[in-house]
Amino acid sequence: MRRNNVFIVFFLSLAILFSSIAKADEGMWIPMLIGKNYEQMKKQGFKLTPEDLYSINKASLKDAIVSFGGFCTGEIVSKNGLIFTNHHCGYDAIASNSTPQDNILDNGFWAKSFSEEKPIPGLFVNFLVRMQDVTAKVKAAVEGLPEDQKAAKIEEVGAQIAAEAVKGTKYDGFVRDFYKGNQYFLYIFEKFTDVRLVGTPPQSIGKYGGDTDNWVWPRHTGDFSVFRVYAGTDNKPAAYSASNKPYTPKKFLPVSIKGMKNGDFSMVYGFPGRTDRFLTSYGVKLATDKVSPTIVKLRDIRLKAWKEEMDKDVATRLKLSSKYAGIANYWKYFIGQTEQLKRLKIYEQKQKQEAEFAKWAASKPEYAQLTSQYQAAYAAYEPFAIERTYINEGFLATAWVRQLAGLVVAAKKGEKEFQEAKSKLAAALPEYEETYNDNADKKIFVSIHSAFYNDIPKSQHPKFYTTIAQDNWQGTPEETFKKYADYLWNNSELIRPEKLKAFLSRNITINDIAADPGYQYAVNLVPADFIKINMGSSVAEFETTKAKLDNLYLKALLEKNKDKVMYPDANSTMRITYGNVQNYSPKDGITYNIVTTIDGVMQKYVPGDSEFDLPQSFIDAYNTRNFGHYGQNGTLIVNFISNNDITGGNSGSPVINGNGELIGLAFDGNWEAMSGDIAFDKQYKRTICVDTRYVLWCIDVLGGAKNIIAELDIRRDIPKTTPKKAVKR
């Protein structure tokens, strides 16, 4: 498509301008220390103060950000404790409240009053109260200890520091390490456990595009859901009660529907999970060549087995959908990460950086041997990497094996601990029963054991596994482990839910359970014991050595880069990342716009398709151009992109403009920068966000939830829109 010369010059000028300011986008910065970045943030368009971001003396933006369930982020958007987060963050809560008769996962749900909101047992949100540097205390406690004793001591001291800090309060606390143990911070939280579902779009909107579009731009997904946090009459945390009141927050975010343009300031404030940006070239090679492909293979086994059962009926699909979505998300992630690490030649880049580091460290005895020590450590560990991956991603992938392994651990401690673990298992039985599927679980069990037989050298097969294969041999691994699975399923009282329920209802002891064939199998799969018995000291030695080398390497890098501001890896603690709404060019001849629109949603629409179907109400609103207050220039923005630095855990994080207003919810990364957890790519990295205008349109126009809209502080300074015009179809 041709543009006239004026527009060409205009856009070239913008490209030059934004290339000069888009240099500080990398980094997940600690809010308490954000003053180090403040001048750069102002240059990029930030208009508030550091104290507006983080303060313990007055309400600040940190008080509007919550850790949602410990696995996502949410933001408070009203004086009544209303929370916006992603649809995929609320997915389990939504699916678990769905039945074939009241299928809110497929049909959507909007509470029109507080009384209609749905309690979600087990869900919680954490508000950060304050954080404090406790490095000196932790380091003093481990001074002079042998390396193999430091980790346990640090955990013990961290727990003591946290306990002392929250003594006499109702707060929770923990200590986290930064820069691989070169710095430690204490975090104090206030935990609320009465969290209720307020609303969700149908998953055909909230999950539009499914696995096909996952991690991809352009995107057209309404990935949001709405919850509310409740408190006691004193506005403090309280267990669920019908008499609880909506929580009154210290701070909530205003919601902007003003829109944005390429280059506008954007900030993501949330709880990113884990990054490993300082991983060495040896770790990158191990991940791309061995570990990640194995994870993908083993998750693929689970997904195929579940999908076959989910396609059979609605009830099964609802039961398994949350498990399936959780595994599928990172199944595709590991595919993309491996592909992009190789495409961007991250291994080669790391090698170059390490060569430069080695030159710098050559004259420093403390650091001079670091690279060769890393090389030796990885060489010794590499033969066990795939086998180790098979433990959590393979053998323990089946729920009954995981729960029995937990009983084994408790039984080794004694009868009291065993009985406590048995009680917890009995309490969790309804959830196990809900997601158990006889056909799929058995198929997964057989396929994983067969894959292990083929992938792992026979010399590394555990003794128990070799015995099972020999005693049940049927000519092929598949037939062999099918025979063994049939034996277990038919003879164990601990696998099928109805048998397990009857077994646990009796007054059983350790001796009673020890004779069960399922338990006898699971005894071999306690991860720590499996590693020790089958891999000797190699894994433990690698972990101890790597921790020591990582600590020393980061100490060296902090010294080497003392004149630069270095951010620490993400570790599920609150962080700020800042940058700009920004387009990008994934390959020659292609430039991606910063936004997608509802027109693109309709272009992808496939009636009856599991990933690209749409509700009739959506189609009707589109055809009549019923975009309410939220449309612009005859259409409706759905998603947008920014160059903010995020990772898992940031899902649901608020995307905030320079005025401190909510403009969107972060929900995904892009395929071209899937290397991001290990290596940030300034050229390609983008955060995919659902636009607040689309969120409010779904709530207001499609959902008719005017009560929710009325709670929000909506900033409506937007350009004039074109009149509604019906579309002939």
# chains A, B, ... in the order shown; residues from 1 in each chain; ligands from 1
>>> select_by_dssp(residues="stretch 241-357 of chain A", states="strand (DSSP E or B)", output="list in words")
Lys245, Pro246, Val255, Ser256, Phe265, Ser266, Met267, Val268, Tyr269, Gly270 and Arg274 of chain A
>>> closest_atom_pairs(of="stretch 528-641 of chain A", to="stretch 258-272 of chain A", cutoff="12 Å", atoms="only C-alpha atoms", output="tab-separated table")
residue	atom	partner	partner_atom	distance
A:Pro568	CA	A:Pro272	CA	11.7
A:Asp569	CA	A:Pro272	CA	9.4
A:Ala570	CA	A:Pro272	CA	5.8
A:Asn571	CA	A:Pro272	CA	6.8
A:Ser572	CA	A:Pro272	CA	5.2
A:Thr573	CA	A:Phe271	CA	5.2
A:Met574	CA	A:Phe271	CA	4.6
A:Arg575	CA	A:Gly270	CA	5.6
A:Ile576	CA	A:Tyr269	CA	4.7
A:Thr577	CA	A:Val268	CA	5.3
A:Tyr578	CA	A:Met267	CA	4.3
A:Gly579	CA	A:Ser266	CA	5.4
A:Asn580	CA	A:Phe265	CA	4.4
A:Val581	CA	A:Gly263	CA	5.2
A:Gln582	CA	A:Asn262	CA	5.3
A:Asn583	CA	A:Asn262	CA	6.8
A:Tyr584	CA	A:Asn262	CA	10.3
A:Tyr592	CA	A:Asn262	CA	11.3
A:Asn593	CA	A:Asn262	CA	8.6
A:Ile594	CA	A:Asn262	CA	6.6
A:Val595	CA	A:Lys261	CA	9.2
A:His629	CA	A:Lys258	CA	10.6
A:Tyr630	CA	A:Lys258	CA	9.0
A:Gly631	CA	A:Gly259	CA	10.0
A:Gln632	CA	A:Gly259	CA	8.8
A:Asn633	CA	A:Gly259	CA	11.6
A:Leu636	CA	A:Gly259	CA	10.6
A:Ile637	CA	A:Gly259	CA	8.7
A:Val638	CA	A:Gly259	CA	11.2
A:Asn639	CA	A:Gly259	CA	11.2
A:Phe640	CA	A:Met260	CA	9.2
A:Ile641	CA	A:Asn262	CA	9.4
>>> write_last_selection(atoms="C-alpha atoms", output="short mmCIF file (atom, residue, chain, number, x, y, z; two decimals), in the first residue's frame")
data_model
loop_
_atom_site.label_atom_id
_atom_site.label_comp_id
_atom_site.auth_asym_id
_atom_site.auth_seq_id
_atom_site.Cartn_x
_atom_site.Cartn_y
_atom_site.Cartn_z
CA PRO A 568 18.47 -8.06 39.08
CA ASP A 569 16.72 -11.09 37.61
CA ALA A 570 12.99 -11.38 38.22
CA ASN A 571 12.10 -13.50 41.24
CA SER A 572 8.32 -13.05 41.76
CA THR A 573 8.81 -9.77 43.61
CA MET A 574 7.28 -6.42 42.67
CA ARG A 575 9.00 -4.70 39.74
CA ILE A 576 8.56 -1.75 37.41
CA THR A 577 9.46 -1.87 33.74
CA TYR A 578 9.18 1.20 31.57
CA GLY A 579 9.35 1.95 27.86
CA ASN A 580 7.04 3.04 25.07
CA VAL A 581 4.13 1.94 22.98
CA GLN A 582 6.14 0.89 19.95
CA ASN A 583 5.67 -0.77 16.56
CA TYR A 584 8.29 -3.12 15.14
CA TYR A 592 3.56 -4.30 12.62
CA ASN A 593 1.24 -1.51 13.80
CA ILE A 594 0.91 -0.75 17.51
CA VAL A 595 -2.78 -1.72 17.62
CA HIS A 629 -18.07 5.51 24.30
CA TYR A 630 -15.12 3.32 23.45
CA GLY A 631 -14.82 3.43 19.67
CA GLN A 632 -12.56 5.69 17.70
CA ASN A 633 -12.59 6.54 14.00
CA LEU A 636 -12.64 -0.34 18.30
CA ILE A 637 -9.06 -0.97 19.44
CA VAL A 638 -8.60 -4.48 20.86
CA ASN A 639 -4.90 -4.99 21.63
CA PHE A 640 -1.72 -2.91 21.53
CA ILE A 641 2.01 -3.49 21.94
#
>>> select_by_dssp(residues="stretch 206-383 of chain A", states="helix (DSSP H, G or I)", output="compact mmCIF listing (two decimals) with N, CA and C atoms, in the first residue's frame")
# COMPACT_ATOMS: atom_id res chain seq x y z
N GLY A 206 -12.28 -14.02 25.74
CA GLY A 206 -11.14 -13.99 26.65
C GLY A 206 -9.98 -14.84 26.21
N GLY A 210 -6.90 -18.85 20.85
CA GLY A 210 -6.43 -20.08 21.46
C GLY A 210 -4.94 -20.30 21.35
N ASP A 211 -4.56 -21.56 21.15
CA ASP A 211 -3.15 -21.91 21.03
C ASP A 211 -2.54 -21.40 19.72
N THR A 212 -3.36 -21.26 18.70
CA THR A 212 -2.84 -20.79 17.41
C THR A 212 -2.22 -19.41 17.52
N ASP A 213 -2.92 -18.49 18.19
CA ASP A 213 -2.44 -17.10 18.32
C ASP A 213 -1.58 -16.88 19.56
N SER A 281 26.80 -19.26 28.63
CA SER A 281 26.65 -19.94 27.34
C SER A 281 26.45 -21.44 27.54
N TYR A 282 27.06 -21.99 28.58
CA TYR A 282 26.92 -23.44 28.84
C TYR A 282 25.48 -23.76 29.23
N GLY A 283 24.86 -22.89 30.00
CA GLY A 283 23.46 -23.10 30.36
C GLY A 283 22.53 -22.93 29.18
N VAL A 284 22.83 -21.97 28.31
CA VAL A 284 22.02 -21.76 27.11
C VAL A 284 22.06 -22.98 26.21
N LYS A 285 23.25 -23.51 26.00
CA LYS A 285 23.39 -24.68 25.13
C LYS A 285 22.66 -25.90 25.70
N LEU A 286 22.76 -26.10 27.00
CA LEU A 286 22.07 -27.23 27.64
C LEU A 286 20.56 -27.08 27.48
N ALA A 287 20.06 -25.86 27.65
CA ALA A 287 18.62 -25.62 27.52
C ALA A 287 18.13 -25.87 26.11
N THR A 288 18.82 -25.32 25.12
CA THR A 288 18.34 -25.43 23.74
C THR A 288 18.53 -26.82 23.16
N ASP A 289 19.58 -27.51 23.54
CA ASP A 289 19.88 -28.81 22.95
C ASP A 289 19.18 -29.96 23.64
N LYS A 290 18.94 -29.84 24.96
CA LYS A 290 18.47 -31.01 25.69
C LYS A 290 17.21 -30.76 26.53
N VAL A 291 17.27 -29.80 27.45
CA VAL A 291 16.20 -29.67 28.44
C VAL A 291 14.89 -29.19 27.82
N SER A 292 14.91 -28.08 27.08
CA SER A 292 13.66 -27.54 26.53
C SER A 292 12.99 -28.49 25.54
N PRO A 293 13.71 -29.12 24.61
CA PRO A 293 13.05 -30.07 23.72
C PRO A 293 12.39 -31.23 24.47
N THR A 294 13.00 -31.64 25.58
CA THR A 294 12.41 -32.72 26.37
C THR A 294 11.13 -32.27 27.05
N ILE A 295 11.12 -31.05 27.58
CA ILE A 295 9.91 -30.51 28.19
C ILE A 295 8.78 -30.44 27.17
N VAL A 296 9.10 -29.96 25.98
CA VAL A 296 8.09 -29.84 24.91
C VAL A 296 7.52 -31.22 24.58
N LYS A 297 8.39 -32.20 24.45
CA LYS A 297 7.95 -33.56 24.10
C LYS A 297 7.02 -34.13 25.17
N LEU A 298 7.37 -33.97 26.43
CA LEU A 298 6.58 -34.55 27.51
C LEU A 298 5.26 -33.82 27.71
N ARG A 299 5.27 -32.52 27.52
CA ARG A 299 4.00 -31.78 27.62
C ARG A 299 3.09 -32.09 26.44
N ASP A 300 3.67 -32.33 25.31
CA ASP A 300 2.88 -32.69 24.12
C ASP A 300 2.12 -33.99 24.37
N ILE A 301 2.74 -34.92 25.06
CA ILE A 301 2.08 -36.18 25.40
C ILE A 301 0.82 -35.92 26.22
N ARG A 302 0.93 -35.05 27.21
CA ARG A 302 -0.23 -34.75 28.05
C ARG A 302 -1.33 -34.04 27.27
N LEU A 303 -0.92 -33.06 26.48
CA LEU A 303 -1.91 -32.26 25.76
C LEU A 303 -2.72 -33.12 24.78
N LYS A 304 -2.05 -34.00 24.05
CA LYS A 304 -2.76 -34.84 23.08
C LYS A 304 -3.75 -35.77 23.77
N ALA A 305 -3.33 -36.34 24.90
CA ALA A 305 -4.21 -37.26 25.62
C ALA A 305 -5.43 -36.53 26.17
N TRP A 306 -5.23 -35.37 26.74
CA TRP A 306 -6.35 -34.59 27.28
C TRP A 306 -7.27 -34.09 26.17
N LYS A 307 -6.68 -33.64 25.07
CA LYS A 307 -7.50 -33.09 23.97
C LYS A 307 -8.44 -34.15 23.41
N GLU A 308 -7.96 -35.36 23.29
CA GLU A 308 -8.82 -36.44 22.78
C GLU A 308 -10.05 -36.61 23.66
N GLU A 309 -9.86 -36.52 24.97
CA GLU A 309 -10.99 -36.69 25.89
C GLU A 309 -11.87 -35.43 25.92
N MET A 310 -11.26 -34.26 25.85
CA MET A 310 -12.01 -33.00 25.90
C MET A 310 -12.94 -32.85 24.69
N VAL A 314 -18.87 -31.84 26.53
CA VAL A 314 -18.69 -30.54 27.18
C VAL A 314 -18.23 -30.71 28.63
N ALA A 315 -18.82 -31.65 29.35
CA ALA A 315 -18.49 -31.82 30.76
C ALA A 315 -16.99 -32.12 30.95
N THR A 316 -16.47 -33.01 30.12
CA THR A 316 -15.05 -33.35 30.21
C THR A 316 -14.19 -32.15 29.82
N ARG A 317 -14.61 -31.42 28.81
CA ARG A 317 -13.85 -30.24 28.40
C ARG A 317 -13.76 -29.23 29.53
N LEU A 318 -14.86 -29.00 30.23
CA LEU A 318 -14.87 -28.05 31.34
C LEU A 318 -13.97 -28.52 32.49
N LYS A 319 -13.98 -29.82 32.74
CA LYS A 319 -13.17 -30.36 33.83
C LYS A 319 -11.68 -30.25 33.55
N LEU A 320 -11.28 -30.47 32.31
CA LEU A 320 -9.86 -30.53 31.98
C LEU A 320 -9.30 -29.25 31.39
N SER A 321 -10.17 -28.28 31.10
CA SER A 321 -9.74 -27.11 30.35
C SER A 321 -8.67 -26.30 31.07
N SER A 322 -8.79 -26.15 32.39
CA SER A 322 -7.81 -25.35 33.12
C SER A 322 -6.44 -26.03 33.11
N LYS A 323 -6.41 -27.34 33.36
CA LYS A 323 -5.15 -28.08 33.31
C LYS A 323 -4.53 -27.99 31.92
N TYR A 324 -5.37 -28.15 30.91
CA TYR A 324 -4.88 -28.11 29.53
C TYR A 324 -4.28 -26.75 29.20
N ALA A 325 -4.99 -25.68 29.57
CA ALA A 325 -4.51 -24.33 29.26
C ALA A 325 -3.19 -24.04 29.94
N GLY A 326 -3.05 -24.47 31.20
CA GLY A 326 -1.82 -24.22 31.94
C GLY A 326 -0.61 -24.91 31.32
N ILE A 327 -0.79 -26.13 30.89
CA ILE A 327 0.32 -26.89 30.28
C ILE A 327 0.60 -26.38 28.88
N ALA A 328 -0.45 -26.04 28.13
CA ALA A 328 -0.29 -25.61 26.73
C ALA A 328 0.48 -24.30 26.63
N ASN A 329 0.25 -23.40 27.58
CA ASN A 329 0.87 -22.09 27.53
C ASN A 329 2.39 -22.21 27.47
N TYR A 330 2.96 -22.97 28.39
CA TYR A 330 4.42 -23.08 28.41
C TYR A 330 4.96 -24.18 27.51
N TRP A 331 4.10 -25.03 27.02
CA TRP A 331 4.51 -25.96 25.96
C TRP A 331 4.93 -25.15 24.73
N LYS A 332 4.08 -24.18 24.35
CA LYS A 332 4.42 -23.35 23.19
C LYS A 332 5.57 -22.40 23.53
N TYR A 333 5.61 -21.95 24.78
CA TYR A 333 6.68 -21.06 25.21
C TYR A 333 8.05 -21.71 24.99
N PHE A 334 8.22 -22.94 25.41
CA PHE A 334 9.52 -23.59 25.28
C PHE A 334 9.89 -23.85 23.82
N ILE A 335 8.87 -24.08 22.99
CA ILE A 335 9.14 -24.20 21.55
C ILE A 335 9.70 -22.88 21.03
N GLY A 336 8.99 -21.79 21.37
CA GLY A 336 9.42 -20.47 20.89
C GLY A 336 10.75 -20.04 21.46
N GLN A 337 10.96 -20.29 22.75
CA GLN A 337 12.22 -19.88 23.36
C GLN A 337 13.41 -20.54 22.68
N THR A 338 13.32 -21.84 22.43
CA THR A 338 14.42 -22.55 21.78
C THR A 338 14.67 -22.00 20.39
N GLU A 339 13.58 -21.79 19.65
CA GLU A 339 13.71 -21.28 18.29
C GLU A 339 14.38 -19.92 18.26
N GLN A 340 13.95 -19.02 19.16
CA GLN A 340 14.48 -17.66 19.13
C GLN A 340 15.89 -17.57 19.70
N LEU A 341 16.22 -18.37 20.70
CA LEU A 341 17.59 -18.39 21.20
C LEU A 341 18.56 -18.78 20.10
N LYS A 342 18.13 -19.71 19.27
CA LYS A 342 18.99 -20.14 18.16
C LYS A 342 19.02 -19.08 17.06
N ARG A 343 17.85 -18.52 16.74
CA ARG A 343 17.79 -17.53 15.66
C ARG A 343 18.60 -16.29 15.99
N ILE A 346 22.05 -16.49 20.59
CA ILE A 346 22.33 -16.09 21.97
C ILE A 346 23.51 -16.86 22.54
N TYR A 347 23.64 -18.12 22.16
CA TYR A 347 24.80 -18.92 22.62
C TYR A 347 26.09 -18.25 22.18
N GLU A 348 26.13 -17.83 20.94
CA GLU A 348 27.34 -17.18 20.43
C GLU A 348 27.57 -15.82 21.09
N GLN A 349 26.48 -15.08 21.35
CA GLN A 349 26.60 -13.80 22.04
C GLN A 349 27.15 -13.98 23.46
N LYS A 350 26.64 -15.00 24.14
CA LYS A 350 27.13 -15.27 25.49
C LYS A 350 28.61 -15.66 25.48
N GLN A 351 29.01 -16.45 24.50
CA GLN A 351 30.41 -16.83 24.40
C GLN A 351 31.30 -15.59 24.24
N LYS A 352 30.85 -14.67 23.41
CA LYS A 352 31.61 -13.43 23.19
C LYS A 352 31.71 -12.61 24.48
N GLN A 353 30.59 -12.51 25.20
CA GLN A 353 30.59 -11.78 26.47
C GLN A 353 31.52 -12.44 27.49
N GLU A 354 31.52 -13.76 27.51
CA GLU A 354 32.37 -14.48 28.46
C GLU A 354 33.85 -14.36 28.11
N ALA A 355 34.14 -14.29 26.82
CA ALA A 355 35.54 -14.08 26.41
C ALA A 355 36.01 -12.70 26.87
N GLU A 356 35.15 -11.71 26.72
CA GLU A 356 35.48 -10.35 27.18
C GLU A 356 35.64 -10.34 28.70
N PHE A 357 34.73 -11.05 29.38
CA PHE A 357 34.81 -11.12 30.84
C PHE A 357 36.12 -11.78 31.28
N ALA A 358 36.50 -12.85 30.59
CA ALA A 358 37.72 -13.59 30.95
C ALA A 358 38.95 -12.69 30.85
N LYS A 359 38.97 -11.84 29.85
CA LYS A 359 40.10 -10.90 29.71
C LYS A 359 40.13 -9.94 30.89
N TRP A 360 38.96 -9.41 31.25
CA TRP A 360 38.88 -8.49 32.39
C TRP A 360 39.28 -9.18 33.69
N ALA A 361 38.86 -10.45 33.84
CA ALA A 361 39.07 -11.17 35.10
C ALA A 361 40.46 -11.80 35.22
N LEU A 370 36.72 -18.48 36.60
CA LEU A 370 35.26 -18.67 36.59
C LEU A 370 34.76 -19.38 35.34
N THR A 371 35.16 -18.93 34.16
CA THR A 371 34.62 -19.53 32.94
C THR A 371 35.02 -20.99 32.80
N SER A 372 36.25 -21.33 33.13
CA SER A 372 36.67 -22.74 33.03
C SER A 372 35.98 -23.59 34.08
N GLN A 373 35.68 -23.01 35.25
CA GLN A 373 34.95 -23.76 36.28
C GLN A 373 33.50 -24.02 35.86
N TYR A 374 32.88 -23.03 35.23
CA TYR A 374 31.53 -23.25 34.67
C TYR A 374 31.55 -24.38 33.65
N GLN A 375 32.51 -24.35 32.77
CA GLN A 375 32.62 -25.37 31.72
C GLN A 375 32.72 -26.76 32.31
N ALA A 376 33.55 -26.91 33.34
CA ALA A 376 33.74 -28.22 33.97
C ALA A 376 32.47 -28.68 34.68
N ALA A 377 31.79 -27.77 35.34
CA ALA A 377 30.57 -28.12 36.08
C ALA A 377 29.47 -28.61 35.14
N TYR A 378 29.27 -27.90 34.03
CA TYR A 378 28.23 -28.31 33.08
C TYR A 378 28.59 -29.61 32.37
N ALA A 379 29.86 -29.81 32.09
CA ALA A 379 30.28 -31.05 31.43
C ALA A 379 29.96 -32.27 32.29
N ALA A 380 30.15 -32.12 33.61
CA ALA A 380 29.87 -33.23 34.52
C ALA A 380 28.37 -33.48 34.68
N TYR A 381 27.58 -32.43 34.58
CA TYR A 381 26.14 -32.55 34.80
C TYR A 381 25.35 -32.95 33.56
N GLU A 382 25.83 -32.58 32.40
CA GLU A 382 25.07 -32.75 31.15
C GLU A 382 24.49 -34.15 30.94
N PRO A 383 25.21 -35.24 31.22
CA PRO A 383 24.64 -36.58 30.98
C PRO A 383 23.36 -36.86 31.76
>>> residues_around(residues="A:Ile56", least_positions_apart="2", cutoff="10 Å", atoms="only C-alpha atoms", output="CSV table (one decimal) with C-alpha atoms, in the first residue's frame")
chain,number,residue,atom,x,y,z
A,32,MET,CA,12.0,1.3,46.1
A,51,GLU,CA,7.2,8.8,45.5
A,54,TYR,CA,6.5,3.7,45.7
A,58,LYS,CA,1.6,7.8,51.7
A,59,ALA,CA,-0.6,6.1,49.2
A,60,SER,CA,1.3,5.3,46.0
A,62,LYS,CA,2.3,0.1,44.6
A,63,ASP,CA,-0.8,0.1,46.8
A,128,LEU,CA,3.0,-5.1,49.4
A,129,VAL,CA,3.3,-3.1,52.6
A,130,ARG,CA,7.1,-2.4,52.4
A,131,MET,CA,10.4,-3.8,51.5
>>> atom_distance(atom1="atom CA of A:Gly81", atom2="atom CA of A:Ser241")
16.1 Å
>>> decode(residues="stretch 542-598 of chain A", atoms="C-alpha atoms", output="tab-separated table (two decimals), in the first residue's frame")
chain	number	residue	atom	x	y	z
A	542	PHE	CA	26.31	-29.36	40.26
A	543	GLU	CA	23.69	-27.31	42.13
A	544	THR	CA	26.14	-26.40	44.90
A	545	THR	CA	28.91	-25.55	42.46
A	546	LYS	CA	26.63	-23.58	40.15
A	547	ALA	CA	25.21	-21.54	43.07
A	548	LYS	CA	28.73	-20.67	44.18
A	549	LEU	CA	29.84	-19.75	40.67
A	550	ASP	CA	26.67	-17.74	39.98
A	551	ASN	CA	27.17	-15.77	43.18
A	552	LEU	CA	30.79	-15.05	42.28
A	553	TYR	CA	29.97	-14.25	38.65
A	554	LEU	CA	27.35	-11.67	39.64
A	555	LYS	CA	29.66	-10.21	42.23
A	556	ALA	CA	32.25	-9.81	39.46
A	557	LEU	CA	29.74	-8.28	37.03
A	558	LEU	CA	28.56	-5.78	39.63
A	559	GLU	CA	32.19	-4.82	40.16
A	560	LYS	CA	32.96	-4.72	36.44
A	561	ASN	CA	29.87	-2.58	35.74
A	562	LYS	CA	29.99	-0.43	38.88
A	563	ASP	CA	29.37	2.72	36.86
A	564	LYS	CA	26.20	1.29	35.31
A	565	VAL	CA	22.73	0.65	36.75
A	566	MET	CA	22.15	-3.12	36.70
A	567	TYR	CA	18.76	-4.66	37.35
A	568	PRO	CA	18.47	-8.06	39.08
A	569	ASP	CA	16.72	-11.09	37.61
A	570	ALA	CA	12.99	-11.38	38.22
A	571	ASN	CA	12.10	-13.50	41.24
A	572	SER	CA	8.32	-13.05	41.76
A	573	THR	CA	8.81	-9.77	43.61
A	574	MET	CA	7.28	-6.42	42.67
A	575	ARG	CA	9.00	-4.70	39.74
A	576	ILE	CA	8.56	-1.75	37.41
A	577	THR	CA	9.46	-1.87	33.74
A	578	TYR	CA	9.18	1.20	31.57
A	579	GLY	CA	9.35	1.95	27.86
A	580	ASN	CA	7.04	3.04	25.07
A	581	VAL	CA	4.13	1.94	22.98
A	582	GLN	CA	6.14	0.89	19.95
A	583	ASN	CA	5.67	-0.77	16.56
A	584	TYR	CA	8.29	-3.12	15.14
A	585	SER	CA	9.49	-4.87	12.02
A	586	PRO	CA	9.83	-8.66	12.49
A	587	LYS	CA	11.43	-9.17	9.09
A	588	ASP	CA	12.33	-7.28	5.94
A	589	GLY	CA	9.33	-5.64	4.29
A	590	ILE	CA	6.96	-6.06	7.24
A	591	THR	CA	6.08	-3.51	9.93
A	592	TYR	CA	3.56	-4.30	12.62
A	593	ASN	CA	1.24	-1.51	13.80
A	594	ILE	CA	0.91	-0.75	17.51
A	595	VAL	CA	-2.78	-1.72	17.62
A	596	THR	CA	-5.25	-4.27	16.35
A	597	THR	CA	-8.96	-3.60	15.96
A	598	ILE	CA	-12.29	-5.33	16.15
